[in-house]
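Next comes final_15.cif, with mmCIF, N, CA and C atoms.
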```cif
data_model
#
loop_
_atom_site.label_atom_id
_atom_site.label_comp_id
_atom_site.auth_asym_id
_atom_site.auth_seq_id
_atom_site.Cartn_x
_atom_site.Cartn_y
_atom_site.Cartn_z
N MET K 1 -14.15 10.15 33.28
CA MET K 1 -13.59 11.06 32.29
C MET K 1 -12.29 10.45 31.75
N GLU K 2 -12.13 10.50 30.46
CA GLU K 2 -10.92 10.01 29.81
C GLU K 2 -9.92 11.16 29.66
N LEU K 3 -9.00 11.25 30.61
CA LEU K 3 -8.02 12.33 30.57
C LEU K 3 -7.18 12.32 29.31
N GLN K 4 -6.78 11.15 28.87
CA GLN K 4 -5.94 11.07 27.67
C GLN K 4 -6.67 11.65 26.47
N GLN K 5 -7.97 11.45 26.39
CA GLN K 5 -8.77 12.01 25.31
C GLN K 5 -8.72 13.54 25.36
N VAL K 6 -8.81 14.10 26.55
CA VAL K 6 -8.73 15.56 26.71
C VAL K 6 -7.34 16.05 26.34
N PHE K 7 -6.31 15.38 26.85
CA PHE K 7 -4.93 15.79 26.54
C PHE K 7 -4.67 15.73 25.03
N ASP K 8 -5.14 14.67 24.39
CA ASP K 8 -4.96 14.53 22.95
C ASP K 8 -5.69 15.64 22.20
N TYR K 9 -6.88 15.98 22.65
CA TYR K 9 -7.65 17.06 22.02
C TYR K 9 -6.92 18.39 22.15
N PHE K 10 -6.42 18.66 23.35
CA PHE K 10 -5.65 19.90 23.56
C PHE K 10 -4.46 19.95 22.61
N ASP K 11 -3.70 18.87 22.55
CA ASP K 11 -2.51 18.85 21.70
C ASP K 11 -2.86 18.99 20.22
N ALA K 12 -3.94 18.38 19.79
CA ALA K 12 -4.35 18.44 18.39
C ALA K 12 -4.85 19.82 17.98
N HIS K 13 -5.35 20.58 18.95
CA HIS K 13 -5.94 21.89 18.64
C HIS K 13 -5.23 23.03 19.36
N ILE K 14 -3.99 22.82 19.73
CA ILE K 14 -3.26 23.81 20.52
C ILE K 14 -3.05 25.13 19.79
N ASP K 15 -3.15 25.10 18.47
CA ASP K 15 -2.91 26.30 17.67
C ASP K 15 -4.10 27.26 17.62
N ARG K 16 -5.17 26.93 18.28
CA ARG K 16 -6.35 27.81 18.26
C ARG K 16 -6.99 27.87 19.64
N GLN K 17 -7.92 28.80 19.77
CA GLN K 17 -8.64 28.91 21.03
C GLN K 17 -9.51 27.67 21.22
N ILE K 18 -9.43 27.08 22.37
CA ILE K 18 -10.24 25.90 22.68
C ILE K 18 -11.26 26.33 23.72
N ARG K 19 -12.50 26.15 23.38
CA ARG K 19 -13.58 26.54 24.28
C ARG K 19 -13.96 25.38 25.18
N LEU K 20 -14.28 25.72 26.40
CA LEU K 20 -14.68 24.72 27.39
C LEU K 20 -15.88 23.91 26.90
N GLU K 21 -16.78 24.56 26.19
CA GLU K 21 -17.96 23.88 25.67
C GLU K 21 -17.59 22.73 24.74
N GLU K 22 -16.53 22.92 23.95
CA GLU K 22 -16.08 21.87 23.04
C GLU K 22 -15.69 20.60 23.80
N ILE K 23 -14.92 20.79 24.84
CA ILE K 23 -14.44 19.65 25.63
C ILE K 23 -15.62 18.95 26.31
N CYS K 24 -16.51 19.75 26.89
CA CYS K 24 -17.66 19.18 27.59
C CYS K 24 -18.57 18.41 26.63
N ARG K 25 -18.74 18.94 25.45
CA ARG K 25 -19.55 18.25 24.43
C ARG K 25 -18.87 16.94 24.02
N LEU K 26 -17.57 16.99 23.85
CA LEU K 26 -16.79 15.80 23.49
C LEU K 26 -16.96 14.69 24.54
N LEU K 27 -16.96 15.09 25.79
CA LEU K 27 -17.03 14.13 26.89
C LEU K 27 -18.46 13.83 27.34
N GLY K 28 -19.41 14.67 26.90
CA GLY K 28 -20.80 14.48 27.30
C GLY K 28 -21.04 14.78 28.77
N MET K 29 -20.42 15.85 29.27
CA MET K 29 -20.64 16.22 30.67
C MET K 29 -20.77 17.73 30.81
N SER K 30 -21.28 18.16 31.93
CA SER K 30 -21.48 19.58 32.19
C SER K 30 -20.13 20.26 32.45
N LYS K 31 -20.11 21.57 32.27
CA LYS K 31 -18.89 22.34 32.54
C LYS K 31 -18.45 22.16 33.99
N PHE K 32 -19.40 22.30 34.90
CA PHE K 32 -19.08 22.20 36.31
C PHE K 32 -18.44 20.85 36.63
N HIS K 33 -19.05 19.81 36.15
CA HIS K 33 -18.56 18.46 36.42
C HIS K 33 -17.16 18.26 35.81
N PHE K 34 -16.99 18.69 34.58
CA PHE K 34 -15.70 18.56 33.92
C PHE K 34 -14.62 19.33 34.68
N LEU K 35 -14.89 20.59 35.02
CA LEU K 35 -13.90 21.40 35.72
C LEU K 35 -13.49 20.78 37.05
N ARG K 36 -14.46 20.28 37.78
CA ARG K 36 -14.18 19.66 39.07
C ARG K 36 -13.33 18.40 38.90
N LEU K 37 -13.72 17.54 37.96
CA LEU K 37 -12.97 16.31 37.75
C LEU K 37 -11.56 16.57 37.22
N PHE K 38 -11.44 17.50 36.29
CA PHE K 38 -10.14 17.80 35.70
C PHE K 38 -9.18 18.32 36.76
N LYS K 39 -9.63 19.29 37.54
CA LYS K 39 -8.75 19.87 38.56
C LYS K 39 -8.37 18.82 39.60
N LYS K 40 -9.31 17.97 39.96
CA LYS K 40 -9.00 16.91 40.94
C LYS K 40 -7.96 15.94 40.37
N ALA K 41 -8.08 15.59 39.11
CA ALA K 41 -7.19 14.61 38.49
C ALA K 41 -5.82 15.19 38.14
N VAL K 42 -5.79 16.44 37.68
CA VAL K 42 -4.55 17.01 37.14
C VAL K 42 -3.88 17.97 38.12
N GLY K 43 -4.67 18.59 38.99
CA GLY K 43 -4.11 19.50 39.98
C GLY K 43 -4.22 20.96 39.62
N VAL K 44 -4.55 21.24 38.37
CA VAL K 44 -4.74 22.62 37.91
C VAL K 44 -5.98 22.66 37.02
N PRO K 45 -6.60 23.83 36.87
CA PRO K 45 -7.74 23.94 35.96
C PRO K 45 -7.31 23.72 34.51
N PRO K 46 -8.25 23.38 33.64
CA PRO K 46 -7.91 23.13 32.23
C PRO K 46 -7.20 24.30 31.56
N ALA K 47 -7.62 25.52 31.85
CA ALA K 47 -6.98 26.68 31.22
C ALA K 47 -5.51 26.77 31.59
N GLN K 48 -5.19 26.50 32.84
CA GLN K 48 -3.79 26.53 33.28
C GLN K 48 -3.00 25.40 32.65
N TYR K 49 -3.60 24.23 32.58
CA TYR K 49 -2.94 23.09 31.93
C TYR K 49 -2.63 23.43 30.47
N LEU K 50 -3.61 23.99 29.77
CA LEU K 50 -3.42 24.33 28.36
C LEU K 50 -2.34 25.39 28.19
N LEU K 51 -2.32 26.39 29.06
CA LEU K 51 -1.26 27.40 28.99
C LEU K 51 0.11 26.76 29.20
N ASN K 52 0.19 25.85 30.16
CA ASN K 52 1.46 25.14 30.38
C ASN K 52 1.90 24.37 29.14
N ARG K 53 0.96 23.68 28.50
CA ARG K 53 1.28 22.93 27.27
C ARG K 53 1.74 23.88 26.17
N ARG K 54 1.09 25.03 26.05
CA ARG K 54 1.48 26.01 25.03
C ARG K 54 2.90 26.51 25.28
N LEU K 55 3.22 26.76 26.52
CA LEU K 55 4.57 27.22 26.85
C LEU K 55 5.60 26.13 26.62
N GLU K 56 5.26 24.88 26.92
CA GLU K 56 6.17 23.76 26.64
C GLU K 56 6.43 23.63 25.15
N LYS K 57 5.37 23.76 24.35
CA LYS K 57 5.53 23.66 22.90
C LYS K 57 6.34 24.84 22.38
N THR K 58 6.13 26.02 22.96
CA THR K 58 6.90 27.19 22.57
C THR K 58 8.39 26.94 22.80
N ALA K 59 8.72 26.44 23.98
CA ALA K 59 10.13 26.16 24.30
C ALA K 59 10.71 25.14 23.33
N LEU K 60 9.93 24.12 23.01
CA LEU K 60 10.37 23.10 22.06
C LEU K 60 10.65 23.71 20.68
N LEU K 61 9.74 24.55 20.21
CA LEU K 61 9.93 25.19 18.91
C LEU K 61 11.11 26.15 18.92
N LEU K 62 11.33 26.83 20.02
CA LEU K 62 12.48 27.73 20.12
C LEU K 62 13.79 26.94 20.06
N ARG K 63 13.79 25.75 20.67
CA ARG K 63 15.00 24.92 20.68
C ARG K 63 15.28 24.25 19.34
N HIS K 64 14.22 23.86 18.64
CA HIS K 64 14.41 22.98 17.49
C HIS K 64 14.04 23.56 16.13
N THR K 65 13.64 24.83 16.09
CA THR K 65 13.33 25.44 14.80
C THR K 65 13.92 26.84 14.73
N ASN K 66 13.87 27.40 13.56
CA ASN K 66 14.27 28.79 13.37
C ASN K 66 13.05 29.67 13.11
N LEU K 67 11.87 29.19 13.45
CA LEU K 67 10.66 29.97 13.24
C LEU K 67 10.73 31.28 14.01
N ASP K 68 10.18 32.34 13.41
CA ASP K 68 10.13 33.60 14.15
C ASP K 68 9.03 33.54 15.20
N LEU K 69 9.02 34.51 16.10
CA LEU K 69 8.08 34.48 17.22
C LEU K 69 6.63 34.59 16.78
N GLU K 70 6.38 35.29 15.71
CA GLU K 70 5.01 35.39 15.19
C GLU K 70 4.51 34.01 14.75
N ALA K 71 5.33 33.27 14.05
CA ALA K 71 4.95 31.92 13.60
C ALA K 71 4.78 30.98 14.79
N ILE K 72 5.65 31.10 15.77
CA ILE K 72 5.53 30.26 16.96
C ILE K 72 4.25 30.60 17.71
N ALA K 73 3.95 31.87 17.82
CA ALA K 73 2.70 32.28 18.50
C ALA K 73 1.49 31.67 17.80
N ARG K 74 1.48 31.70 16.47
CA ARG K 74 0.36 31.10 15.72
C ARG K 74 0.27 29.60 15.96
N ARG K 75 1.40 28.92 15.97
CA ARG K 75 1.41 27.45 16.13
C ARG K 75 1.05 27.00 17.54
N THR K 76 1.19 27.89 18.50
CA THR K 76 0.94 27.51 19.88
C THR K 76 -0.31 28.15 20.47
N GLY K 77 -1.08 28.85 19.66
CA GLY K 77 -2.37 29.36 20.11
C GLY K 77 -2.34 30.67 20.87
N PHE K 78 -1.20 31.36 20.84
CA PHE K 78 -1.16 32.68 21.49
C PHE K 78 -1.74 33.71 20.52
N SER K 79 -2.43 34.69 21.07
CA SER K 79 -3.12 35.68 20.23
C SER K 79 -2.14 36.60 19.50
N SER K 80 -0.94 36.76 20.02
CA SER K 80 0.07 37.59 19.36
C SER K 80 1.44 37.20 19.88
N HIS K 81 2.47 37.62 19.16
CA HIS K 81 3.82 37.31 19.64
C HIS K 81 4.13 38.13 20.89
N ASN K 82 3.51 39.30 21.04
CA ASN K 82 3.72 40.10 22.25
C ASN K 82 3.19 39.37 23.48
N TYR K 83 2.00 38.80 23.35
CA TYR K 83 1.43 38.05 24.47
C TYR K 83 2.27 36.81 24.76
N LEU K 84 2.74 36.15 23.72
CA LEU K 84 3.63 35.00 23.89
C LEU K 84 4.88 35.41 24.67
N CYS K 85 5.51 36.50 24.26
CA CYS K 85 6.74 36.95 24.91
C CYS K 85 6.51 37.29 26.38
N LYS K 86 5.43 38.00 26.66
CA LYS K 86 5.13 38.38 28.05
C LYS K 86 4.88 37.14 28.90
N THR K 87 4.08 36.22 28.39
CA THR K 87 3.74 35.01 29.14
C THR K 87 4.97 34.14 29.35
N PHE K 88 5.78 34.00 28.32
CA PHE K 88 7.00 33.20 28.41
C PHE K 88 7.94 33.79 29.45
N LYS K 89 8.13 35.11 29.41
CA LYS K 89 9.04 35.76 30.36
C LYS K 89 8.49 35.66 31.78
N ASP K 90 7.18 35.82 31.95
CA ASP K 90 6.58 35.68 33.28
C ASP K 90 6.84 34.29 33.84
N ARG K 91 6.76 33.27 33.01
CA ARG K 91 6.91 31.88 33.47
C ARG K 91 8.37 31.49 33.68
N PHE K 92 9.23 31.85 32.72
CA PHE K 92 10.61 31.36 32.74
C PHE K 92 11.65 32.42 33.13
N SER K 93 11.22 33.65 33.36
CA SER K 93 12.11 34.75 33.74
C SER K 93 13.19 35.03 32.70
N ILE K 94 12.86 34.75 31.44
CA ILE K 94 13.78 35.02 30.33
C ILE K 94 12.91 35.22 29.09
N THR K 95 13.34 36.10 28.21
CA THR K 95 12.58 36.30 26.99
C THR K 95 12.77 35.12 26.04
N PRO K 96 11.84 34.90 25.14
CA PRO K 96 12.02 33.80 24.18
C PRO K 96 13.31 33.92 23.37
N ASN K 97 13.66 35.12 22.95
CA ASN K 97 14.89 35.29 22.16
C ASN K 97 16.13 34.95 22.96
N LYS K 98 16.18 35.37 24.21
CA LYS K 98 17.33 35.04 25.07
C LYS K 98 17.35 33.54 25.35
N TYR K 99 16.19 32.95 25.51
CA TYR K 99 16.11 31.50 25.72
C TYR K 99 16.70 30.77 24.53
N ARG K 100 16.29 31.20 23.33
CA ARG K 100 16.79 30.55 22.11
C ARG K 100 18.30 30.70 21.99
N LYS K 101 18.82 31.86 22.31
CA LYS K 101 20.27 32.10 22.19
C LYS K 101 21.06 31.35 23.26
N SER K 102 20.42 31.02 24.37
CA SER K 102 21.13 30.35 25.47
C SER K 102 21.31 28.86 25.23
N ILE K 103 20.67 28.34 24.22
CA ILE K 103 20.71 26.90 23.97
C ILE K 103 21.92 26.52 23.14
#
```

Can you present the structure in this file as structure tokens?
Amino acid sequence: MELQQVFDYFDAHIDRQIRLEEICRLLGMSKFHFLRLFKKAVGVPPAQYLLNRRLEKTALLLRHTNLDLEAIARRTGFSSHNYLCKTFKDRFSITPNKYRKSI
């Protein structure tokens, strides 16, 4: 499995829902095989890795842009700014707005 190919695909399509079937088709392997190999190589399942990347990109956009939370949610693949805020606070113990103001 080419991990870099998967990482690049995630980054290129981070603004939308990425289905497991897409990745498996890209790599030409079964879901079970992909999930097993990915978790063994990366340490977390693909969904967790993708969520981590979305949160990293969110933090980057909060630091370097003046985009509102709705726009950031769209750019990072969150279904709504409310879900983005909840997930961000759960992970970093601070709201996105407080994070932005603390920088």

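Shortest separation to Ile14 (chain K) among K:Arg91, K:His64, K:Lys101, K:Arg53 occurs at residue K:Arg53, atoms counted being only C-alpha atoms.
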
Just how far from CA of Ile23 (chain K) is CA of Val6 (chain K), in Å to one decimal?
7.1 Å

Residues within 10 Å of Arg100 (chain K), please, as a short mmCIF file (atom, residue, chain, number, x, y, z; two decimals) with N, CA and C atoms, in the coordinates of the input. Count only C-alpha atoms; anything in the same chain fewer than 2 positions from it doesn't count.
```cif
data_model
loop_
_atom_site.label_atom_id
_atom_site.label_comp_id
_atom_site.auth_asym_id
_atom_site.auth_seq_id
_atom_site.Cartn_x
_atom_site.Cartn_y
_atom_site.Cartn_z
N ALA K 59 8.72 26.44 23.98
CA ALA K 59 10.13 26.16 24.30
C ALA K 59 10.71 25.14 23.33
N LEU K 60 9.93 24.12 23.01
CA LEU K 60 10.37 23.10 22.06
C LEU K 60 10.65 23.71 20.68
N LEU K 61 9.74 24.55 20.21
CA LEU K 61 9.93 25.19 18.91
C LEU K 61 11.11 26.15 18.92
N LEU K 62 11.33 26.83 20.02
CA LEU K 62 12.48 27.73 20.12
C LEU K 62 13.79 26.94 20.06
N ARG K 63 13.79 25.75 20.67
CA ARG K 63 15.00 24.92 20.68
C ARG K 63 15.28 24.25 19.34
N HIS K 64 14.22 23.86 18.64
CA HIS K 64 14.41 22.98 17.49
C HIS K 64 14.04 23.56 16.13
N THR K 65 13.64 24.83 16.09
CA THR K 65 13.33 25.44 14.80
C THR K 65 13.92 26.84 14.73
N ASN K 66 13.87 27.40 13.56
CA ASN K 66 14.27 28.79 13.37
C ASN K 66 13.05 29.67 13.11
N ILE K 94 12.86 34.75 31.44
CA ILE K 94 13.78 35.02 30.33
C ILE K 94 12.91 35.22 29.09
N THR K 95 13.34 36.10 28.21
CA THR K 95 12.58 36.30 26.99
C THR K 95 12.77 35.12 26.04
N PRO K 96 11.84 34.90 25.14
CA PRO K 96 12.02 33.80 24.18
C PRO K 96 13.31 33.92 23.37
N ASN K 97 13.66 35.12 22.95
CA ASN K 97 14.89 35.29 22.16
C ASN K 97 16.13 34.95 22.96
N LYS K 98 16.18 35.37 24.21
CA LYS K 98 17.33 35.04 25.07
C LYS K 98 17.35 33.54 25.35
N SER K 102 20.42 31.02 24.37
CA SER K 102 21.13 30.35 25.47
C SER K 102 21.31 28.86 25.23
N ILE K 103 20.67 28.34 24.22
CA ILE K 103 20.71 26.90 23.97
C ILE K 103 21.92 26.52 23.14
#
```

Quick check for you: according to DSSP on this backbone, which residues of region 10-99 of chain K are classed as helix (DSSP H, G or I)? Reply as a PyMOL selection string.
chain K and resi 10-12+20-27+31-42+46-64+69-76+81-92+96-99

Using atom C of Ala47 (chain K) and atom C of Arg74 (chain K) as the two end points, give the distance in Å to one decimal.
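Spanning atom C of Ala47 (chain K) to atom C of Arg74 (chain K) is a straight-line distance of 16.9 Å.
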
Residues near Tyr9 (chain K), anyone? I mean within 10 Å using only C-alpha atoms, not counting same-chain ones fewer than 6 positions away, as a short mmCIF file (atom, residue, chain, number, x, y, z; two decimals) with N, CA and C atoms, in the frame of the given file.
```
data_model
loop_
_atom_site.label_atom_id
_atom_site.label_comp_id
_atom_site.auth_asym_id
_atom_site.auth_seq_id
_atom_site.Cartn_x
_atom_site.Cartn_y
_atom_site.Cartn_z
N LEU K 3 -9.00 11.25 30.61
CA LEU K 3 -8.02 12.33 30.57
C LEU K 3 -7.18 12.32 29.31
N ILE K 18 -9.43 27.08 22.37
CA ILE K 18 -10.24 25.90 22.68
C ILE K 18 -11.26 26.33 23.72
N GLU K 22 -16.53 22.92 23.95
CA GLU K 22 -16.08 21.87 23.04
C GLU K 22 -15.69 20.60 23.80
N ILE K 23 -14.92 20.79 24.84
CA ILE K 23 -14.44 19.65 25.63
C ILE K 23 -15.62 18.95 26.31
N LEU K 26 -17.57 16.99 23.85
CA LEU K 26 -16.79 15.80 23.49
C LEU K 26 -16.96 14.69 24.54
#
```

Hey, what's within 6.5 Å of Gly77 (chain K) if we count only N, CA and C atoms and toss same-chain stuff fewer than 4 positions away? As a ChimeraX atom specification, please?
/K:14-17,72-73

Once you add 5 Å to each side, what are the centre and edge lengths of the axis-aligned box holding all listed atoms of region 45-63 of chain K? One decimal in Å, as JSON, if you can.
```
{"center_x": 3.5, "center_y": 25.3, "center_z": 27.9, "size_x": 33.5, "size_y": 14.8, "size_z": 28.0}
```

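Computed from the coordinates, the atom N of Phe7 (chain K) to atom N of Tyr99 (chain K) distance equals 28.6 Å.
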
Under the rule that only C-alpha atoms are counted, which of K:Thr76, K:Ser30, K:Gln48, K:Ser93 is the nearest residue to Asp11 (chain K)?
K:Thr76

For region 9-20 of chain K, supply all heavy atoms and format the output as a PDB file, keeping the file's coordinate frame.
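Final output, saved to rebuild28.pdb:
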```
ATOM      1  N   TYR K   9      -6.880  15.980  22.650  1.00  0.00           N
ATOM      2  CA  TYR K   9      -7.650  17.060  22.020  1.00  0.00           C
ATOM      3  C   TYR K   9      -6.920  18.390  22.150  1.00  0.00           C
ATOM      4  O   TYR K   9      -6.790  19.141  21.193  1.00  0.00           O
ATOM      5  CB  TYR K   9      -9.046  17.135  22.635  1.00  0.00           C
ATOM      6  CG  TYR K   9      -9.976  18.055  21.889  1.00  0.00           C
ATOM      7  CD1 TYR K   9     -10.702  17.586  20.799  1.00  0.00           C
ATOM      8  CD2 TYR K   9     -10.113  19.387  22.252  1.00  0.00           C
ATOM      9  CE1 TYR K   9     -11.549  18.424  20.099  1.00  0.00           C
ATOM     10  CE2 TYR K   9     -10.960  20.228  21.553  1.00  0.00           C
ATOM     11  CZ  TYR K   9     -11.681  19.749  20.483  1.00  0.00           C
ATOM     12  OH  TYR K   9     -12.516  20.592  19.782  1.00  0.00           O
ATOM     13  N   PHE K  10      -6.420  18.660  23.350  1.00  0.00           N
ATOM     14  CA  PHE K  10      -5.650  19.900  23.560  1.00  0.00           C
ATOM     15  C   PHE K  10      -4.460  19.950  22.610  1.00  0.00           C
ATOM     16  O   PHE K  10      -4.212  20.958  21.962  1.00  0.00           O
ATOM     17  CB  PHE K  10      -5.160  20.003  25.001  1.00  0.00           C
ATOM     18  CG  PHE K  10      -6.202  20.427  26.001  1.00  0.00           C
ATOM     19  CD1 PHE K  10      -6.002  20.196  27.343  1.00  0.00           C
ATOM     20  CD2 PHE K  10      -7.376  21.060  25.626  1.00  0.00           C
ATOM     21  CE1 PHE K  10      -6.930  20.581  28.297  1.00  0.00           C
ATOM     22  CE2 PHE K  10      -8.314  21.452  26.565  1.00  0.00           C
ATOM     23  CZ  PHE K  10      -8.093  21.213  27.901  1.00  0.00           C
ATOM     24  N   ASP K  11      -3.700  18.870  22.550  1.00  0.00           N
ATOM     25  CA  ASP K  11      -2.510  18.850  21.700  1.00  0.00           C
ATOM     26  C   ASP K  11      -2.860  18.990  20.220  1.00  0.00           C
ATOM     27  O   ASP K  11      -2.152  19.668  19.470  1.00  0.00           O
ATOM     28  CB  ASP K  11      -1.700  17.574  21.923  1.00  0.00           C
ATOM     29  CG  ASP K  11      -0.957  17.588  23.252  1.00  0.00           C
ATOM     30  OD1 ASP K  11      -0.774  18.676  23.837  1.00  0.00           O
ATOM     31  OD2 ASP K  11      -0.560  16.496  23.705  1.00  0.00           O
ATOM     32  N   ALA K  12      -3.940  18.380  19.790  1.00  0.00           N
ATOM     33  CA  ALA K  12      -4.350  18.440  18.390  1.00  0.00           C
ATOM     34  C   ALA K  12      -4.850  19.820  17.980  1.00  0.00           C
ATOM     35  O   ALA K  12      -4.792  20.182  16.810  1.00  0.00           O
ATOM     36  CB  ALA K  12      -5.417  17.392  18.105  1.00  0.00           C
ATOM     37  N   HIS K  13      -5.350  20.580  18.950  1.00  0.00           N
ATOM     38  CA  HIS K  13      -5.940  21.890  18.640  1.00  0.00           C
ATOM     39  C   HIS K  13      -5.230  23.030  19.360  1.00  0.00           C
ATOM     40  O   HIS K  13      -5.795  24.108  19.528  1.00  0.00           O
ATOM     41  CB  HIS K  13      -7.426  21.876  19.025  1.00  0.00           C
ATOM     42  CG  HIS K  13      -8.210  20.859  18.266  1.00  0.00           C
ATOM     43  ND1 HIS K  13      -8.407  19.574  18.738  1.00  0.00           N
ATOM     44  CD2 HIS K  13      -8.814  20.914  17.069  1.00  0.00           C
ATOM     45  CE1 HIS K  13      -9.116  18.890  17.862  1.00  0.00           C
ATOM     46  NE2 HIS K  13      -9.368  19.674  16.838  1.00  0.00           N
ATOM     47  N   ILE K  14      -3.990  22.820  19.730  1.00  0.00           N
ATOM     48  CA  ILE K  14      -3.260  23.810  20.520  1.00  0.00           C
ATOM     49  C   ILE K  14      -3.050  25.130  19.790  1.00  0.00           C
ATOM     50  O   ILE K  14      -2.864  26.163  20.391  1.00  0.00           O
ATOM     51  CB  ILE K  14      -1.904  23.232  21.008  1.00  0.00           C
ATOM     52  CG1 ILE K  14      -1.407  24.009  22.217  1.00  0.00           C
ATOM     53  CG2 ILE K  14      -0.892  23.188  19.881  1.00  0.00           C
ATOM     54  CD1 ILE K  14      -0.335  23.306  22.997  1.00  0.00           C
ATOM     55  N   ASP K  15      -3.150  25.100  18.470  1.00  0.00           N
ATOM     56  CA  ASP K  15      -2.910  26.300  17.670  1.00  0.00           C
ATOM     57  C   ASP K  15      -4.100  27.260  17.620  1.00  0.00           C
ATOM     58  O   ASP K  15      -4.019  28.306  16.988  1.00  0.00           O
ATOM     59  CB  ASP K  15      -2.502  25.914  16.247  1.00  0.00           C
ATOM     60  CG  ASP K  15      -3.598  25.151  15.522  1.00  0.00           C
ATOM     61  OD1 ASP K  15      -4.398  24.465  16.202  1.00  0.00           O
ATOM     62  OD2 ASP K  15      -3.644  25.233  14.288  1.00  0.00           O
ATOM     63  N   ARG K  16      -5.170  26.930  18.280  1.00  0.00           N
ATOM     64  CA  ARG K  16      -6.350  27.810  18.260  1.00  0.00           C
ATOM     65  C   ARG K  16      -6.990  27.870  19.640  1.00  0.00           C
ATOM     66  O   ARG K  16      -6.637  27.120  20.537  1.00  0.00           O
ATOM     67  CB  ARG K  16      -7.359  27.313  17.235  1.00  0.00           C
ATOM     68  CG  ARG K  16      -7.964  25.959  17.555  1.00  0.00           C
ATOM     69  CD  ARG K  16      -9.041  25.602  16.536  1.00  0.00           C
ATOM     70  NE  ARG K  16      -9.693  24.362  16.824  1.00  0.00           N
ATOM     71  CZ  ARG K  16     -10.672  24.194  17.714  1.00  0.00           C
ATOM     72  NH1 ARG K  16     -11.103  25.215  18.415  1.00  0.00           N
ATOM     73  NH2 ARG K  16     -11.225  23.006  17.900  1.00  0.00           N
ATOM     74  N   GLN K  17      -7.920  28.800  19.770  1.00  0.00           N
ATOM     75  CA  GLN K  17      -8.640  28.910  21.030  1.00  0.00           C
ATOM     76  C   GLN K  17      -9.510  27.670  21.220  1.00  0.00           C
ATOM     77  O   GLN K  17     -10.223  27.265  20.305  1.00  0.00           O
ATOM     78  CB  GLN K  17      -9.522  30.158  21.031  1.00  0.00           C
ATOM     79  CG  GLN K  17     -10.277  30.358  22.318  1.00  0.00           C
ATOM     80  CD  GLN K  17     -11.188  31.558  22.281  1.00  0.00           C
ATOM     81  OE1 GLN K  17     -11.437  32.144  21.239  1.00  0.00           O
ATOM     82  NE2 GLN K  17     -11.710  31.923  23.433  1.00  0.00           N
ATOM     83  N   ILE K  18      -9.430  27.080  22.370  1.00  0.00           N
ATOM     84  CA  ILE K  18     -10.240  25.900  22.680  1.00  0.00           C
ATOM     85  C   ILE K  18     -11.260  26.330  23.720  1.00  0.00           C
ATOM     86  O   ILE K  18     -10.902  26.800  24.796  1.00  0.00           O
ATOM     87  CB  ILE K  18      -9.366  24.748  23.223  1.00  0.00           C
ATOM     88  CG1 ILE K  18      -8.346  24.334  22.168  1.00  0.00           C
ATOM     89  CG2 ILE K  18     -10.244  23.579  23.643  1.00  0.00           C
ATOM     90  CD1 ILE K  18      -7.330  23.319  22.658  1.00  0.00           C
ATOM     91  N   ARG K  19     -12.500  26.150  23.380  1.00  0.00           N
ATOM     92  CA  ARG K  19     -13.580  26.540  24.280  1.00  0.00           C
ATOM     93  C   ARG K  19     -13.960  25.380  25.180  1.00  0.00           C
ATOM     94  O   ARG K  19     -13.963  24.230  24.772  1.00  0.00           O
ATOM     95  CB  ARG K  19     -14.767  27.039  23.484  1.00  0.00           C
ATOM     96  CG  ARG K  19     -14.384  28.231  22.575  1.00  0.00           C
ATOM     97  CD  ARG K  19     -15.548  28.909  21.940  1.00  0.00           C
ATOM     98  NE  ARG K  19     -16.631  29.204  22.823  1.00  0.00           N
ATOM     99  CZ  ARG K  19     -16.732  30.295  23.603  1.00  0.00           C
ATOM    100  NH1 ARG K  19     -15.761  31.179  23.599  1.00  0.00           N
ATOM    101  NH2 ARG K  19     -17.792  30.487  24.355  1.00  0.00           N
ATOM    102  N   LEU K  20     -14.280  25.720  26.400  1.00  0.00           N
ATOM    103  CA  LEU K  20     -14.680  24.720  27.390  1.00  0.00           C
ATOM    104  C   LEU K  20     -15.880  23.910  26.900  1.00  0.00           C
ATOM    105  O   LEU K  20     -15.946  22.701  27.127  1.00  0.00           O
ATOM    106  CB  LEU K  20     -15.001  25.430  28.709  1.00  0.00           C
ATOM    107  CG  LEU K  20     -15.311  24.576  29.911  1.00  0.00           C
ATOM    108  CD1 LEU K  20     -14.168  23.635  30.230  1.00  0.00           C
ATOM    109  CD2 LEU K  20     -15.605  25.463  31.107  1.00  0.00           C
TER     110      LEU K  20
END
```
